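Chemist: File follows, query-v6.txt with compact mmCIF, C-alpha atoms and all ligand atoms:
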```
# COMPACT_ATOMS: atom_id res chain seq x y z
CA MET S 31 29.16 -9.66 -21.78
CA ASN S 32 32.10 -7.38 -21.10
CA ASN S 33 31.05 -3.89 -20.02
CA LYS S 34 27.46 -5.06 -19.64
CA LYS S 35 25.38 -4.84 -16.50
CA ILE S 36 24.09 -8.28 -15.72
CA VAL S 37 20.67 -9.23 -14.35
CA ARG S 38 20.87 -12.59 -12.60
CA ILE S 39 17.57 -14.39 -13.18
CA GLY S 40 15.92 -16.73 -10.67
CA LEU S 41 13.17 -18.62 -12.49
CA ILE S 42 10.32 -20.34 -10.61
CA GLY S 43 8.47 -23.15 -12.42
CA ARG S 44 9.80 -25.29 -15.23
CA GLY S 45 6.62 -25.90 -17.24
CA LEU S 46 5.50 -24.33 -20.51
CA MET S 47 6.23 -20.76 -19.45
CA GLY S 48 9.44 -21.71 -17.64
CA ARG S 49 10.74 -23.06 -20.96
CA MET S 50 9.37 -20.10 -22.91
CA HIS S 51 11.04 -17.52 -20.65
CA ALA S 52 14.33 -19.45 -20.46
CA ASN S 53 14.32 -19.52 -24.25
CA ALA S 54 13.64 -15.76 -24.34
CA TYR S 55 16.60 -14.92 -22.09
CA THR S 56 18.98 -17.08 -24.12
CA HIS S 57 18.23 -14.95 -27.21
CA ILE S 58 18.90 -11.55 -25.62
CA PRO S 59 22.73 -11.55 -25.87
CA THR S 60 22.63 -12.61 -29.54
CA ILE S 61 19.59 -10.76 -30.90
CA PHE S 62 19.72 -7.70 -28.62
CA PRO S 63 23.49 -7.41 -27.96
CA ASP S 64 23.23 -3.62 -27.83
CA LEU S 65 21.23 -3.69 -24.58
CA GLU S 66 23.16 -2.37 -21.62
CA TYR S 67 21.54 -4.92 -19.29
CA GLN S 68 21.89 -8.60 -20.14
CA PRO S 69 20.33 -11.61 -18.38
CA VAL S 70 22.28 -14.46 -16.82
CA LEU S 71 20.42 -17.71 -16.10
CA GLN S 72 21.47 -17.91 -12.47
CA ALA S 73 19.08 -20.39 -10.87
CA VAL S 74 15.83 -22.27 -11.29
CA ALA S 75 13.47 -23.43 -8.53
CA SER S 76 11.40 -26.56 -8.82
CA ARG S 77 9.98 -28.92 -6.22
CA ASN S 78 11.09 -31.98 -8.16
CA GLU S 79 14.86 -32.35 -7.70
CA GLU S 80 15.51 -34.65 -10.66
CA LYS S 81 13.37 -32.75 -13.16
CA GLY S 82 14.56 -29.39 -11.83
CA ARG S 83 18.24 -30.29 -12.22
CA GLU S 84 17.57 -31.67 -15.70
CA PHE S 85 15.79 -28.43 -16.64
CA ALA S 86 18.67 -26.34 -15.26
CA GLU S 87 21.16 -28.34 -17.31
CA THR S 88 19.10 -28.27 -20.51
CA TRP S 89 18.58 -24.52 -20.47
CA GLY S 90 21.95 -23.56 -19.01
CA PHE S 91 20.99 -22.33 -15.53
CA LYS S 92 23.98 -22.21 -13.22
CA SER S 93 22.19 -23.70 -10.22
CA PHE S 94 19.04 -25.28 -8.87
CA GLU S 95 16.93 -24.87 -5.70
CA ASN S 96 14.15 -27.18 -4.53
CA ASP S 97 12.21 -24.36 -2.84
CA TRP S 98 11.43 -20.98 -4.44
CA ARG S 99 12.02 -19.25 -1.08
CA LYS S 100 15.72 -20.02 -1.35
CA LEU S 101 15.88 -18.00 -4.57
CA ILE S 102 14.42 -15.01 -2.78
CA GLU S 103 17.00 -15.33 0.02
CA ARG S 104 19.97 -15.50 -2.33
CA ASP S 105 22.08 -12.35 -2.79
CA ASP S 106 23.21 -13.46 -6.23
CA ILE S 107 19.71 -13.21 -7.76
CA ASP S 108 18.56 -9.83 -9.10
CA ALA S 109 15.23 -10.71 -10.73
CA ILE S 110 12.56 -13.28 -9.94
CA ASP S 111 10.60 -14.68 -12.87
CA ILE S 112 7.31 -16.28 -11.76
CA CYS S 113 6.19 -19.14 -14.02
CA ALA S 114 4.24 -21.09 -11.41
CA PRO S 115 0.44 -21.62 -11.26
CA ASN S 116 -1.69 -18.54 -10.52
CA ASN S 117 -2.29 -19.20 -6.80
CA LEU S 118 1.45 -18.94 -6.11
CA HIS S 119 2.03 -15.59 -7.82
CA ALA S 120 1.09 -13.37 -4.87
CA GLU S 121 3.16 -15.04 -2.16
CA ILE S 122 6.22 -15.20 -4.41
CA ALA S 123 5.89 -11.65 -5.79
CA ILE S 124 5.34 -10.07 -2.38
CA ALA S 125 8.36 -11.90 -0.92
CA ALA S 126 10.49 -10.91 -3.96
CA ALA S 127 9.44 -7.26 -3.70
CA LYS S 128 10.25 -7.19 0.01
CA SER S 129 13.73 -8.46 -0.73
CA GLY S 130 14.21 -5.74 -3.35
CA LYS S 131 14.28 -8.02 -6.38
CA MET S 132 12.93 -7.11 -9.80
CA ILE S 133 9.90 -9.17 -10.80
CA LEU S 134 8.72 -10.61 -14.09
CA CYS S 135 5.41 -12.32 -13.35
CA GLU S 136 3.25 -14.51 -15.54
CA LYS S 137 -0.35 -13.53 -16.10
CA PRO S 138 -2.93 -13.26 -14.64
CA LEU S 139 -1.43 -11.16 -11.86
CA SER S 140 -3.12 -13.36 -9.26
CA HIS S 141 -5.96 -15.85 -8.80
CA ASP S 142 -7.58 -13.40 -6.36
CA ILE S 143 -8.33 -9.68 -6.75
CA ASN S 144 -7.37 -8.78 -3.16
CA GLN S 145 -4.04 -10.55 -3.46
CA ALA S 146 -3.47 -8.81 -6.79
CA LYS S 147 -3.86 -5.46 -5.00
CA GLU S 148 -1.39 -6.58 -2.32
CA MET S 149 1.08 -7.48 -5.07
CA LEU S 150 0.69 -4.05 -6.64
CA ASP S 151 1.14 -2.35 -3.26
CA ALA S 152 4.25 -4.45 -2.55
CA VAL S 153 6.05 -3.54 -5.80
CA THR S 154 4.99 0.09 -5.48
CA GLU S 155 6.36 0.30 -1.95
CA ALA S 156 9.58 -1.51 -2.85
CA GLY S 157 10.04 0.48 -6.07
CA VAL S 158 11.25 -2.59 -7.93
CA ALA S 159 11.18 -2.93 -11.72
CA ASN S 160 8.33 -5.15 -12.82
CA THR S 161 6.35 -6.52 -15.73
CA VAL S 162 3.57 -9.05 -16.34
CA TRP S 163 3.90 -11.35 -19.35
CA TYR S 164 0.90 -10.33 -21.43
CA ASN S 165 3.06 -11.25 -24.39
CA TYR S 166 0.56 -10.72 -27.23
CA ARG S 167 1.27 -6.99 -27.15
CA ARG S 168 4.68 -7.80 -28.57
CA MET S 169 3.68 -9.76 -31.61
CA PRO S 170 4.85 -7.43 -34.38
CA ALA S 171 1.42 -7.34 -36.08
CA VAL S 172 -0.28 -6.44 -32.78
CA THR S 173 2.27 -3.71 -32.06
CA LEU S 174 1.70 -2.43 -35.59
CA ALA S 175 -2.06 -2.33 -34.88
CA LYS S 176 -1.27 -0.18 -31.82
CA ASN S 177 0.87 2.19 -33.92
CA ILE S 178 -1.86 2.50 -36.58
CA ILE S 179 -4.56 3.21 -33.99
CA ASP S 180 -2.37 5.76 -32.17
CA SER S 181 -1.68 7.54 -35.47
CA GLY S 182 -5.43 8.23 -35.66
CA LYS S 183 -5.98 6.37 -38.96
CA LEU S 184 -9.08 4.58 -37.69
CA GLY S 185 -10.75 7.78 -36.48
CA LYS S 186 -13.39 7.42 -33.81
CA ILE S 187 -13.60 3.79 -32.66
CA PHE S 188 -17.06 2.18 -32.63
CA HIS S 189 -16.43 -1.51 -32.00
CA TYR S 190 -13.85 -3.82 -30.38
CA ARG S 191 -14.44 -7.56 -30.80
CA ALA S 192 -12.25 -10.39 -29.49
CA ASN S 193 -12.39 -14.17 -29.22
CA PHE S 194 -10.13 -16.75 -27.63
CA LEU S 195 -11.33 -20.23 -28.53
CA GLN S 196 -9.95 -23.62 -27.48
CA ASP S 197 -11.36 -27.16 -27.27
CA TRP S 198 -9.13 -29.08 -24.86
CA THR S 199 -11.48 -29.63 -21.88
CA ILE S 200 -14.53 -31.11 -23.65
CA ASN S 201 -13.72 -34.62 -22.39
CA PRO S 202 -15.65 -35.08 -19.08
CA ASP S 203 -13.09 -37.68 -17.94
CA LEU S 204 -10.34 -35.07 -17.78
CA PRO S 205 -9.45 -34.64 -14.09
CA GLN S 206 -9.05 -31.33 -12.30
CA GLY S 207 -6.11 -30.22 -10.13
CA GLY S 208 -2.57 -31.48 -9.74
CA GLU S 209 0.49 -30.88 -11.90
CA ALA S 210 -1.20 -31.31 -15.28
CA ALA S 211 -4.70 -29.96 -14.69
CA TRP S 212 -4.32 -27.07 -12.23
CA ARG S 213 -6.11 -24.79 -14.74
CA LEU S 214 -9.34 -26.71 -14.06
CA ASP S 215 -9.05 -26.35 -10.27
CA VAL S 216 -10.54 -23.07 -9.09
CA ASP S 217 -8.33 -22.99 -5.99
CA ALA S 218 -5.17 -23.01 -8.13
CA ALA S 219 -6.35 -21.03 -11.14
CA GLY S 220 -8.82 -18.58 -9.55
CA SER S 221 -11.11 -18.82 -12.57
CA GLY S 222 -11.37 -20.66 -15.86
CA VAL S 223 -11.29 -19.02 -19.26
CA THR S 224 -11.79 -15.55 -17.77
CA GLY S 225 -8.39 -15.36 -16.05
CA ASP S 226 -6.66 -17.71 -18.48
CA LEU S 227 -7.82 -16.49 -21.91
CA LEU S 228 -9.99 -13.37 -21.59
CA ALA S 229 -7.32 -11.71 -19.46
CA HIS S 230 -5.09 -11.71 -22.57
CA CYS S 231 -7.93 -10.28 -24.71
CA ILE S 232 -8.66 -7.60 -22.08
CA ASP S 233 -5.00 -6.59 -21.76
CA THR S 234 -4.67 -6.19 -25.53
CA ALA S 235 -8.03 -4.41 -25.76
CA MET S 236 -7.25 -1.83 -23.08
CA TRP S 237 -3.81 -1.25 -24.60
CA LEU S 238 -5.31 -0.67 -28.04
CA ASN S 239 -8.62 0.96 -27.17
CA GLY S 240 -8.41 2.35 -23.62
CA ALA S 241 -10.16 1.58 -20.36
CA ILE S 242 -13.31 -0.51 -19.94
CA GLU S 243 -16.06 1.15 -17.89
CA ASP S 244 -18.65 -1.55 -17.25
CA VAL S 245 -19.40 -5.12 -18.25
CA SER S 246 -22.28 -7.57 -18.57
CA ALA S 247 -21.30 -11.23 -18.72
CA VAL S 248 -22.51 -14.81 -18.87
CA THR S 249 -20.41 -17.81 -17.92
CA GLU S 250 -21.07 -21.54 -18.11
CA THR S 251 -19.49 -24.62 -16.59
CA PHE S 252 -20.45 -27.41 -18.96
CA VAL S 253 -18.89 -30.26 -16.99
CA LYS S 254 -20.12 -29.81 -13.43
CA GLU S 255 -17.98 -32.42 -11.64
CA ARG S 256 -14.54 -33.86 -12.24
CA MET S 257 -12.24 -36.15 -10.33
CA HIS S 258 -9.57 -34.22 -8.43
CA GLN S 259 -6.05 -35.48 -9.15
CA GLU S 260 -4.83 -34.93 -5.60
CA THR S 261 -7.78 -36.28 -3.58
CA GLY S 262 -9.02 -38.87 -6.08
CA LYS S 263 -12.55 -37.69 -5.28
CA VAL S 264 -15.17 -36.43 -7.73
CA GLN S 265 -15.65 -32.77 -6.84
CA PRO S 266 -17.72 -29.85 -8.19
CA VAL S 267 -15.94 -27.84 -10.88
CA GLY S 268 -15.54 -24.21 -9.77
CA ILE S 269 -14.14 -22.66 -12.93
CA ASP S 270 -15.91 -21.05 -15.89
CA ASP S 271 -15.57 -23.23 -19.01
CA ALA S 272 -16.89 -20.45 -21.26
CA CYS S 273 -17.47 -16.74 -20.83
CA ILE S 274 -19.07 -14.10 -23.03
CA PHE S 275 -19.26 -10.45 -22.09
CA HIS S 276 -20.05 -7.13 -23.63
CA CYS S 277 -18.90 -3.77 -22.33
CA HIS S 278 -18.57 -0.03 -22.75
CA PHE S 279 -15.12 1.43 -23.28
CA GLU S 280 -14.38 4.88 -21.89
CA ASN S 281 -13.94 6.21 -25.46
CA GLY S 282 -17.59 5.43 -26.20
CA SER S 283 -17.02 2.25 -28.22
CA LEU S 284 -18.72 -1.09 -27.55
CA GLY S 285 -16.80 -4.28 -26.81
CA LEU S 286 -17.77 -7.91 -27.35
CA PHE S 287 -15.61 -10.74 -25.96
CA GLU S 288 -15.87 -14.53 -25.96
CA ALA S 289 -13.59 -17.24 -24.59
CA THR S 290 -14.21 -20.95 -24.32
CA ARG S 291 -12.45 -24.30 -24.05
CA TYR S 292 -15.41 -25.99 -25.77
CA ALA S 293 -15.11 -24.75 -29.37
CA ARG S 294 -14.38 -28.03 -31.16
CA GLY S 295 -11.76 -27.53 -33.85
CA HIS S 296 -10.03 -24.54 -32.26
CA LYS S 297 -6.75 -24.87 -30.37
CA ALA S 298 -5.89 -21.23 -29.66
CA LEU S 299 -7.94 -19.04 -31.96
CA TYR S 300 -7.25 -15.59 -30.54
CA THR S 301 -8.69 -12.95 -32.86
CA PHE S 302 -9.62 -9.29 -32.56
CA GLU S 303 -11.26 -6.76 -34.84
CA ILE S 304 -11.59 -3.01 -34.36
CA ASN S 305 -13.96 -0.90 -36.41
CA GLY S 306 -13.39 2.86 -36.63
CA GLU S 307 -15.00 5.70 -38.48
CA HIS S 308 -12.45 5.59 -41.33
CA ALA S 309 -10.80 2.20 -41.11
CA SER S 310 -10.85 -1.26 -39.51
CA ILE S 311 -8.16 -3.66 -38.33
CA ARG S 312 -8.28 -7.37 -37.64
CA TRP S 313 -5.76 -9.93 -36.40
CA ASP S 314 -5.70 -13.70 -35.92
CA LEU S 315 -3.15 -15.59 -33.81
CA HIS S 316 -3.25 -18.53 -36.27
CA ASP S 317 -1.79 -16.16 -38.87
CA MET S 318 0.11 -14.01 -36.40
CA ASN S 319 2.47 -12.29 -38.83
CA ARG S 320 -0.41 -10.72 -40.77
CA LEU S 321 -2.48 -7.66 -39.95
CA GLU S 322 -5.58 -6.99 -42.00
CA TYR S 323 -6.47 -3.38 -42.66
CA PHE S 324 -9.40 -1.76 -44.47
CA ASP S 325 -9.43 1.97 -45.20
CA HIS S 326 -12.61 3.58 -46.48
CA ARG S 327 -10.58 6.56 -47.73
CA ASP S 328 -8.93 4.44 -50.42
CA GLU S 329 -10.10 5.15 -53.98
CA SER S 330 -13.44 3.37 -54.19
CA HIS S 331 -12.50 1.08 -57.09
CA LEU S 332 -9.44 -0.15 -55.13
CA ARG S 333 -11.10 -0.38 -51.74
CA GLY S 334 -10.76 -3.71 -49.92
CA TRP S 335 -9.08 -5.51 -47.03
CA ARG S 336 -5.28 -5.37 -47.24
CA SER S 337 -3.34 -8.27 -45.80
CA ILE S 338 -0.12 -6.80 -44.45
CA HIS S 339 2.66 -9.35 -43.98
CA VAL S 340 4.37 -7.83 -40.95
CA THR S 341 7.90 -9.01 -41.66
CA ASP S 342 9.68 -5.94 -42.99
CA GLY S 343 12.52 -4.25 -41.14
CA GLU S 344 10.51 -1.04 -40.74
CA GLN S 345 7.75 -2.90 -38.89
CA PRO S 346 7.87 -3.41 -35.10
CA TYR S 347 10.73 -5.61 -33.86
CA MET S 348 11.39 -7.01 -37.35
CA ASP S 349 14.70 -5.22 -37.84
CA ARG S 350 16.07 -7.82 -35.38
CA TRP S 351 15.09 -10.90 -37.31
CA TRP S 352 16.57 -12.58 -40.35
CA ILE S 353 15.36 -11.11 -43.66
CA PRO S 354 12.18 -9.32 -44.79
CA GLY S 355 9.41 -11.70 -45.87
CA THR S 356 10.27 -14.50 -43.43
CA SER S 357 7.97 -15.20 -40.49
CA ILE S 358 8.67 -15.40 -36.79
CA GLY S 359 6.70 -17.28 -34.12
CA TYR S 360 4.90 -17.28 -30.77
CA GLU S 361 8.12 -17.51 -28.77
CA HIS S 362 9.41 -14.25 -30.26
CA SER S 363 6.79 -12.21 -28.40
CA PHE S 364 8.44 -13.34 -25.14
CA ILE S 365 11.91 -12.49 -26.45
CA HIS S 366 10.62 -9.01 -27.33
CA GLN S 367 9.09 -8.54 -23.90
CA ALA S 368 12.30 -9.62 -22.17
CA ALA S 369 14.27 -7.19 -24.38
CA ASP S 370 11.85 -4.36 -23.56
CA PHE S 371 12.17 -5.15 -19.86
CA PHE S 372 15.97 -4.83 -19.98
CA LYS S 373 15.66 -1.70 -22.13
CA GLY S 374 13.38 -0.28 -19.43
CA LEU S 375 16.15 -0.74 -16.88
CA GLU S 376 18.34 1.62 -18.91
CA GLU S 377 15.62 4.20 -18.50
CA GLY S 378 15.66 4.23 -14.71
CA ASN S 379 14.84 0.85 -13.22
CA LYS S 380 11.42 0.79 -14.81
CA GLY S 381 10.94 -2.64 -16.35
CA CYS S 382 8.28 -2.45 -19.04
CA ALA S 383 4.55 -2.40 -19.64
CA PRO S 384 2.33 -4.09 -18.85
CA SER S 385 3.38 -3.33 -15.29
CA PHE S 386 1.75 -4.73 -12.16
CA GLU S 387 -0.43 -1.62 -12.22
CA ASP S 388 -1.61 -2.34 -15.78
CA ALA S 389 -2.18 -6.01 -14.94
CA TYR S 390 -4.18 -5.03 -11.85
CA LYS S 391 -6.52 -3.03 -14.12
CA THR S 392 -7.02 -6.17 -16.23
CA GLU S 393 -7.62 -8.11 -13.03
CA ARG S 394 -10.37 -5.66 -12.07
CA VAL S 395 -12.12 -6.16 -15.40
CA CYS S 396 -11.92 -9.95 -14.97
CA HIS S 397 -13.32 -9.61 -11.47
CA ALA S 398 -16.21 -7.46 -12.71
CA VAL S 399 -16.91 -9.98 -15.51
CA LEU S 400 -17.18 -12.89 -13.05
CA LYS S 401 -19.28 -10.84 -10.64
CA SER S 402 -21.61 -9.77 -13.44
CA ALA S 403 -22.11 -13.37 -14.56
CA LYS S 404 -22.79 -14.47 -10.99
CA ASN S 405 -25.24 -11.65 -10.22
CA ARG S 406 -26.73 -11.50 -13.73
CA SER S 407 -26.27 -7.75 -13.72
CA TRP S 408 -24.11 -4.98 -15.21
CA GLN S 409 -20.99 -4.27 -13.14
CA GLN S 410 -18.89 -1.11 -13.03
CA VAL S 411 -15.19 -1.92 -13.29
N1 LIG S 501 1.67 -15.48 -21.26
C1 LIG S 501 1.08 -16.55 -21.74
O1 LIG S 501 0.67 -16.59 -22.89
C2 LIG S 501 0.89 -17.75 -20.86
C3 LIG S 501 0.73 -19.02 -21.44
C4 LIG S 501 0.62 -20.13 -20.58
C5 LIG S 501 0.65 -19.95 -19.21
N2 LIG S 501 0.77 -18.69 -18.69
C6 LIG S 501 0.82 -18.51 -17.23
O2 LIG S 501 2.07 -18.99 -16.75
C7 LIG S 501 1.93 -19.60 -15.47
C8 LIG S 501 2.44 -21.03 -15.56
O3 LIG S 501 1.71 -21.71 -16.57
P1 LIG S 501 2.36 -22.92 -17.40
O4 LIG S 501 1.52 -23.09 -18.62
O5 LIG S 501 3.81 -22.77 -17.53
O6 LIG S 501 2.01 -24.11 -16.40
P2 LIG S 501 2.72 -25.51 -16.28
O7 LIG S 501 1.77 -26.38 -15.56
O8 LIG S 501 3.24 -25.94 -17.62
O9 LIG S 501 3.99 -25.20 -15.37
C9 LIG S 501 3.87 -24.79 -14.04
C10 LIG S 501 5.14 -25.16 -13.34
O10 LIG S 501 5.11 -24.66 -12.01
C11 LIG S 501 5.67 -25.66 -11.18
N3 LIG S 501 5.28 -25.45 -9.78
C12 LIG S 501 4.09 -25.65 -9.20
N4 LIG S 501 4.18 -25.36 -7.88
C13 LIG S 501 5.46 -24.96 -7.66
C14 LIG S 501 6.19 -24.53 -6.51
N5 LIG S 501 5.61 -24.47 -5.30
N6 LIG S 501 7.50 -24.20 -6.65
C15 LIG S 501 8.11 -24.25 -7.86
N7 LIG S 501 7.47 -24.65 -8.98
C16 LIG S 501 6.17 -25.01 -8.87
C17 LIG S 501 5.16 -26.97 -11.77
O11 LIG S 501 5.91 -28.08 -11.33
C18 LIG S 501 5.36 -26.67 -13.25
O12 LIG S 501 6.69 -26.97 -13.64
C19 LIG S 501 0.45 -19.49 -15.12
O13 LIG S 501 0.26 -18.37 -14.31
C20 LIG S 501 -0.23 -19.29 -16.47
O14 LIG S 501 -1.44 -18.57 -16.38
C21 LIG S 501 0.90 -17.61 -19.50
```
Now, as a test, write the supplied structure out as structure tokens.

Modeler:
Amino acid sequence: MNNKKIVRIGLIGRGLMGRMHANAYTHIPTIFPDLEYQPVLQAVASRNEEKGREFAETWGFKSFENDWRKLIERDDIDAIDICAPNNLHAEIAIAAAKSGKMILCEKPLSHDINQAKEMLDAVTEAGVANTVWYNYRRMPAVTLAKNIIDSGKLGKIFHYRANFLQDWTINPDLPQGGEAAWRLDVDAAGSGVTGDLLAHCIDTAMWLNGAIEDVSAVTETFVKERMHQETGKVQPVGIDDACIFHCHFENGSLGLFEATRYARGHKALYTFEINGEHASIRWDLHDMNRLEYFDHRDESHLRGWRSIHVTDGEQPYMDRWWIPGTSIGYEHSFIHQAADFFKGLEEGNKGCAPSFEDAYKTERVCHAVLKSAKNRSWQQV
């Protein structure tokens, strides 16, 4: 770490994303040693003292706080990483921005569109480096799709199609709320599959295919009441269990999106397909190191879908990993985003995309989707 500028990380939340981000930071000095800025795991905040201290020890954080506010107050923290449930993002991010700290925030930006705008205003006013962890952009095959589209190979785009299918909430006895089931509680999550799953699809879609103009959506809540973990009472379920929407993109193409937690047999089937005038691309999270590509300009007797194994050193991010032909995993997309964030600091305190501004645009699409489903009408974004 000699001659390096250090970024002292204060991590909030020690759940799935807390572990994922801690893992990402630990890889930066070894896999991206050339970066001028390097992270130091300075402190973690968790309400549970025993579990928080254990987490700090396991992942190598230097210290622990039992209240996230203490991290914001500390002078020895440079960046706040928000891995807490959605309803906490705004309060934490606004406080962090006011204290001049960089912010890496989990998606969606917030559980509430107005609070999302306040978050954007706060980081803009403070001028702090920021990013939102829409990590799928940094899967090498997805980045390659972006490069292919930007090179113009697809020609005019006609269709964008995406799905995010899961099956983990079919059981009506599953409670809502509390530590394990906050995603089912509308007060904590803000929405169901729209903010949780479609937000990812929308971020990728707008990155690959440009802005979305208007949307028409349907949502459904299949299980209408669930016991709330914290009150013990059976309460109405306020989240969307499934959502389907179609839309117009600004470039004239049509979009079709579906997300559900009721697709038996699917755990995290995130797929997208883009059809252009000359060529098409498709991708599937279950086979994340492959990108499928069809080019109509190929000689007709050879024409067909190519399955590109995105593991060669010339393909995005892959010069950093092991040897050509060997696969990497889900966690690597977070390592890549962390590396891009630190790289962004070299270029003038910028952080990296997607920024709060980008994530706010995604938030606006999600908001329009939910409004459209509620009003049964088309909504401008
Ligand atoms: N980028 C992705 O692909 C991705 C994947 C999963 C989750 N997420 C997002 O990450 C965030 C966290 O999700 P998760 O899956 O890690 O959830 P989780 O339930 O696994 O972890 C949340 C953690 O936050 C902690 N927490 C709750 N209130 C707190 C408080 N007041 N102070 C400190 N800690 C507190 C909980 O104890 C828990 O450790 C959510 O916003 C979620 O949408 C993003």

Chemist: Find, counting all atoms listed in the file, the residue in S:Val70, S:Ala120, S:Ala146, S:Ala86 that gets nearest to Thr392 (chain S).

Modeler: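 Going through S:Val70, S:Ala120, S:Ala146, S:Ala86 one by one, the smallest distance to Thr392 (chain S) is for S:Ala146.
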
Chemist: Would you mind telling me which residue in S:Glu243, S:Glu121, S:Asp203, S:Glu148 lies nearest to ligand LIG 501 (chain S) when using all atoms listed in the file?

Modeler: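 Closest to ligand LIG 501 (chain S) of all the choices is S:Glu121.
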
Chemist: Mind running chain S against ligand LIG 501 (chain S) at 9 Å and telling me each contacting residue's nearest atom pair with the distance in Å (one decimal), counting all atoms listed in the file, chain and number ascending, as a tab-separated table?

Modeler:
```
residue	atom	partner	partner_atom	distance
S:Leu41	CA	S:LIG501	C15	8.9
S:Ile42	CA	S:LIG501	C15	5.3
S:Gly43	CA	S:LIG501	O10	3.7
S:Arg44	CA	S:LIG501	O12	3.9
S:Gly45	CA	S:LIG501	O9	3.3
S:Leu46	CA	S:LIG501	O5	3.8
S:Met47	CA	S:LIG501	O5	3.7
S:Gly48	CA	S:LIG501	O5	5.7
S:Arg49	CA	S:LIG501	O5	7.7
S:Met50	CA	S:LIG501	O5	8.2
S:Val74	CA	S:LIG501	C15	8.7
S:Ala75	CA	S:LIG501	C15	5.5
S:Ser76	CA	S:LIG501	C15	4.1
S:Arg77	CA	S:LIG501	C15	5.3
S:Asn78	CA	S:LIG501	O11	7.2
S:Lys81	CA	S:LIG501	O12	8.8
S:Gly82	CA	S:LIG501	O12	8.4
S:Asn96	CA	S:LIG501	C15	7.5
S:Asp97	CA	S:LIG501	N6	6.1
S:Trp98	CA	S:LIG501	N6	5.5
S:Arg99	CA	S:LIG501	N6	8.7
S:Ile112	CA	S:LIG501	C7	7.3
S:Cys113	CA	S:LIG501	C8	4.5
S:Ala114	CA	S:LIG501	O10	3.7
S:Pro115	CA	S:LIG501	C19	4.4
S:Asn116	CA	S:LIG501	O13	4.3
S:Asn117	CA	S:LIG501	O13	8.0
S:Leu118	CA	S:LIG501	N5	7.0
S:His119	CA	S:LIG501	O13	7.3
S:Cys135	CA	S:LIG501	O13	8.0
S:Glu136	CA	S:LIG501	O2	4.8
S:Lys137	CA	S:LIG501	O14	5.2
S:Pro138	CA	S:LIG501	O14	5.8
S:Leu139	CA	S:LIG501	O13	7.8
S:Ser140	CA	S:LIG501	O13	7.9
S:His141	CA	S:LIG501	O13	8.7
S:Val162	CA	S:LIG501	N1	8.3
S:Trp163	CA	S:LIG501	N1	5.1
S:Tyr164	CA	S:LIG501	N1	5.2
S:Asn165	CA	S:LIG501	N1	5.4
S:Tyr166	CA	S:LIG501	O1	7.3
S:Gly208	CA	S:LIG501	C12	8.9
S:Glu209	CA	S:LIG501	O7	5.9
S:Ala210	CA	S:LIG501	O7	5.8
S:Ala211	CA	S:LIG501	O7	7.4
S:Trp212	CA	S:LIG501	O7	7.0
S:Arg213	CA	S:LIG501	O14	7.9
S:Ala219	CA	S:LIG501	O14	7.6
S:Gly225	CA	S:LIG501	O14	7.7
S:Asp226	CA	S:LIG501	O14	5.7
S:Leu227	CA	S:LIG501	O1	8.5
S:His230	CA	S:LIG501	O1	7.6
S:Tyr360	CA	S:LIG501	O1	9.0
S:Phe364	CA	S:LIG501	N1	8.1
```

Chemist: Quick one: of S:Glu393, S:Asp349, S:Asp271, S:Glu103, who's nearest to Ile200 (chain S), counting all atoms listed in the file?

Modeler: S:Asp271

Chemist: For CA of Asp388 (chain S) and CA of Cys231 (chain S), quote the distance in Å rounded to one decimal.

Modeler: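 Those two atoms sit 13.5 Å apart.
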